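Below is one structure; the comments refer to it alone.
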Amino acid sequence: MSDLQKAWAKNRLSALPAESFDEMEEDEADRVPELPEHPDDDSSSASSASSTGTVIPSPSQNLFARPQGVSRGRTLQQIPWTTYFERELFLRDPSSPVNLTIHAYLTSPVGKGPLFVMHHGVGSSGLSFAVAGHEIRKRLPSAGILSHDARGHGSTTTEESSAVDLSLETLAADLLSVVRMTQREMKWPELPPIVLVGHSVGGAVVTELAKTGSLGAAVLGYAVLDVVEGSAIDSLHSMPSYLSSRPAAFPSLEAAIDWHVRSRTIRNSVSARTSVPTLLSRSDAPGDPRPWKWRTDLAATRPFWEHWYLGLSKKFLSARGGKLLLLAGTDRLDTELTIGQMQGKYALQVFPESGHFIQEDLPEKTAVSLVDFHKRNDRSALVLPPKVSDLLRQGKKV
């Protein structure tokens, strides 16, 4: 390069404005969107919450205050349930011989909006669907979310003297009771349109409930997340080795959250900070260096393992209502479901980048799939022709 070219280039560069580095802007890029804040709802469903079985956080406690973003860094701070739901319910079943009180989280539907009824997998809790539920409401603001802790999980309590009954029929009956008791608690004159959503064992439970038809025409459809009969039964052989490899206890909740993220059991840190604390309870033993123990003894559920999944594919394909299957890999499809998918009997979506907890790993994509599924099965927009009997009664010719 000649001296003339060098001088020209130097002159041009010196004329350009210096680009400053904005540290605040860089920090904002490393943040997830702000956590949700539910607006006040003066509808009848929201105003009928005063009950001994309902807990609504006091506004004076600022529990609904919007955090200034959630860092994607190494923070392990717990995120409270009030970030995602408007209330929690303690639903006591008077007909239960074991004095069952089911703990549930609820955000009521608005107007004629649908109610997404969630059921978590074994060892999880109702907050497994917290972040995905928020994402659903971002895309469908009229939607309601109902997510409970199954018996033997979370804050649900029983007085069973022996091992907790976690049979498929019992869990399906509990889910039906949750819906009916919530309707009574909230004084809904009729059930809103319902989409049943279940993850893992929860998928088997919602399929069982849909197969019984106990909720009638209120059910628009049901979605099953990452559970298939064949692969689920095959995976039961490796379950004991998995249970023996995971920590039996943790020194703190932060350590438990960190283990779930580092082991990639849950691949989304915001989801882990929301759901993991409800999986553990603190031991009262003095001097215990690892006082946080698992609430649910997964090894004790072994007698129910195979029964949860036997016949699942056939029931999934034959129950009434729309059907959606979300999987983390196509290798999980068994022969019966593969044939059913080729025949167009259900919708299938695969998320290969996800782990087993699809709704926690990919809450946004899960929400998009569920909202689209609801729109495809929504009957509220249908305009049906008048009945012949009504036309004759009006004196019109048919």
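Residue numbering restarts at 1 for every chain of the structure tokens, chains are lettered A, B, ... in their displayed order, and ligands are numbered from 1 as they appear.
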
Write out as an MDAnalysis selection string the residues lying within 12 Å of A:Ala104, counting only C-alpha atoms and excluding same-chain residues fewer than 3 positions away. chainID A and resid 53:55 81 85:92 101 107 117:120 125:127 129:130 145:151 153:157 174:175 177:179 181:182 185

Members of stretch 84-239 of chain A assigned helix (DSSP H, G or I) by DSSP, as a PyMOL selection string: chain A and resi 126-139+168-186+201-212+216-218+229-239

Nearby residues (only C-alpha atoms) at most 12 Å from A:Gly311, same-chain spacing under 2 positions excluded, as a PDB file with C-alpha atoms, in the first residue's frame:
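Output contents, as saved in out.pdb:
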```pdb
ATOM      1  CA  LEU A 168     -53.843 -45.487  37.894  1.00  0.00           C
ATOM      2  CA  ALA A 204     -51.445 -42.081  31.541  1.00  0.00           C
ATOM      3  CA  THR A 207     -55.774 -40.649  29.148  1.00  0.00           C
ATOM      4  CA  GLU A 208     -57.522 -42.851  31.720  1.00  0.00           C
ATOM      5  CA  LYS A 211     -61.353 -42.820  28.387  1.00  0.00           C
ATOM      6  CA  VAL A 228     -45.322 -44.106  25.285  1.00  0.00           C
ATOM      7  CA  GLU A 229     -46.353 -47.545  26.480  1.00  0.00           C
ATOM      8  CA  GLY A 230     -43.565 -49.596  24.904  1.00  0.00           C
ATOM      9  CA  ALA A 232     -41.971 -46.587  29.194  1.00  0.00           C
ATOM     10  CA  ILE A 233     -42.213 -50.258  30.141  1.00  0.00           C
ATOM     11  CA  GLU A 306     -45.993 -51.493  35.060  1.00  0.00           C
ATOM     12  CA  HIS A 307     -49.728 -51.022  35.675  1.00  0.00           C
ATOM     13  CA  TRP A 308     -49.426 -47.300  34.894  1.00  0.00           C
ATOM     14  CA  TYR A 309     -48.453 -47.985  31.282  1.00  0.00           C
ATOM     15  CA  SER A 313     -51.391 -46.769  23.531  1.00  0.00           C
ATOM     16  CA  LYS A 314     -54.752 -48.420  22.871  1.00  0.00           C
ATOM     17  CA  LYS A 315     -56.546 -46.156  25.365  1.00  0.00           C
ATOM     18  CA  PHE A 316     -54.837 -43.065  23.966  1.00  0.00           C
ATOM     19  CA  LEU A 317     -56.038 -43.853  20.443  1.00  0.00           C
ATOM     20  CA  SER A 318     -59.582 -44.893  21.402  1.00  0.00           C
ATOM     21  CA  ASP A 334     -44.186 -47.914  19.557  1.00  0.00           C
ATOM     22  CA  GLU A 336     -49.397 -49.102  17.632  1.00  0.00           C
ATOM     23  CA  LEU A 337     -48.775 -45.369  17.878  1.00  0.00           C
TER      24      LEU A 337
END
```

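Put simply, atom CA of A:Leu370 is 25.6 Å away from atom CA of A:Leu310.
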
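Distances from A:Thr274, A:Asp234, A:Asp378, A:Arg262 to A:Gln78 were compared using only C-alpha atoms, and the smallest one belongs to A:Thr274.
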
Using only C-alpha atoms, determine which residues lie at most 8 Å from A:Ala249, disregarding the query and same-chain residues fewer than 6 positions distant; provide the list as an MDAnalysis selection string. chainID A and resid 290:294

Output N, CA, C and O atoms for every residue in that selection, as an mmCIF file, in the first residue's frame.
```cif
data_model
loop_
_atom_site.group_PDB
_atom_site.id
_atom_site.type_symbol
_atom_site.label_atom_id
_atom_site.label_comp_id
_atom_site.auth_asym_id
_atom_site.auth_seq_id
_atom_site.Cartn_x
_atom_site.Cartn_y
_atom_site.Cartn_z
ATOM 1 N N ARG A 290 -27.364 -32.621 55.717
ATOM 2 C CA ARG A 290 -28.147 -32.655 54.469
ATOM 3 C C ARG A 290 -29.621 -32.830 54.832
ATOM 4 O O ARG A 290 -30.201 -33.900 54.663
ATOM 5 N N PRO A 291 -30.250 -31.773 55.334
ATOM 6 C CA PRO A 291 -31.601 -31.909 55.885
ATOM 7 C C PRO A 291 -32.725 -31.937 54.847
ATOM 8 O O PRO A 291 -33.858 -32.264 55.187
ATOM 9 N N TRP A 292 -32.452 -31.598 53.597
ATOM 10 C CA TRP A 292 -33.510 -31.532 52.592
ATOM 11 C C TRP A 292 -33.674 -32.884 51.907
ATOM 12 O O TRP A 292 -32.821 -33.312 51.136
ATOM 13 N N LYS A 293 -34.780 -33.566 52.211
ATOM 14 C CA LYS A 293 -35.050 -34.920 51.708
ATOM 15 C C LYS A 293 -36.166 -34.884 50.668
ATOM 16 O O LYS A 293 -36.999 -33.983 50.646
ATOM 17 N N TRP A 294 -36.199 -35.916 49.836
ATOM 18 C CA TRP A 294 -37.265 -36.047 48.840
ATOM 19 C C TRP A 294 -38.618 -36.256 49.524
ATOM 20 O O TRP A 294 -38.733 -37.054 50.448
#
```

Could you list, as a ChimeraX atom specification, every residue within 8 Å of A:Ile136, counting only C-alpha atoms and ignoring same-chain residues fewer than 5 positions away? /A:141,143,364,367-368,370-371

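Shortest atom-to-atom contact with A:Val122 among A:Ser369, A:Ser200, A:Thr82, A:Gln394: A:Ser200, counting only C-alpha atoms.
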
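Considering the residues A:Arg264, A:Leu327, A:His374, A:Lys187 and counting only C-alpha atoms, A:Leu115 has its shortest atom-to-atom contact with A:His374.
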
For the strand (DSSP E) assignment from backbone DSSP, which residues of stretch 97-239 of chain A qualify? Please present them as a VMD selection string. chain A and resid 101 to 107 115 to 119 144 to 148 194 to 199 219 to 225

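You will find atom CA of A:Ser128 at 8.4 Å from atom CA of A:Val276.
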
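One finds atom CA of A:Asp226 at 20.1 Å from atom CA of A:Ser269.
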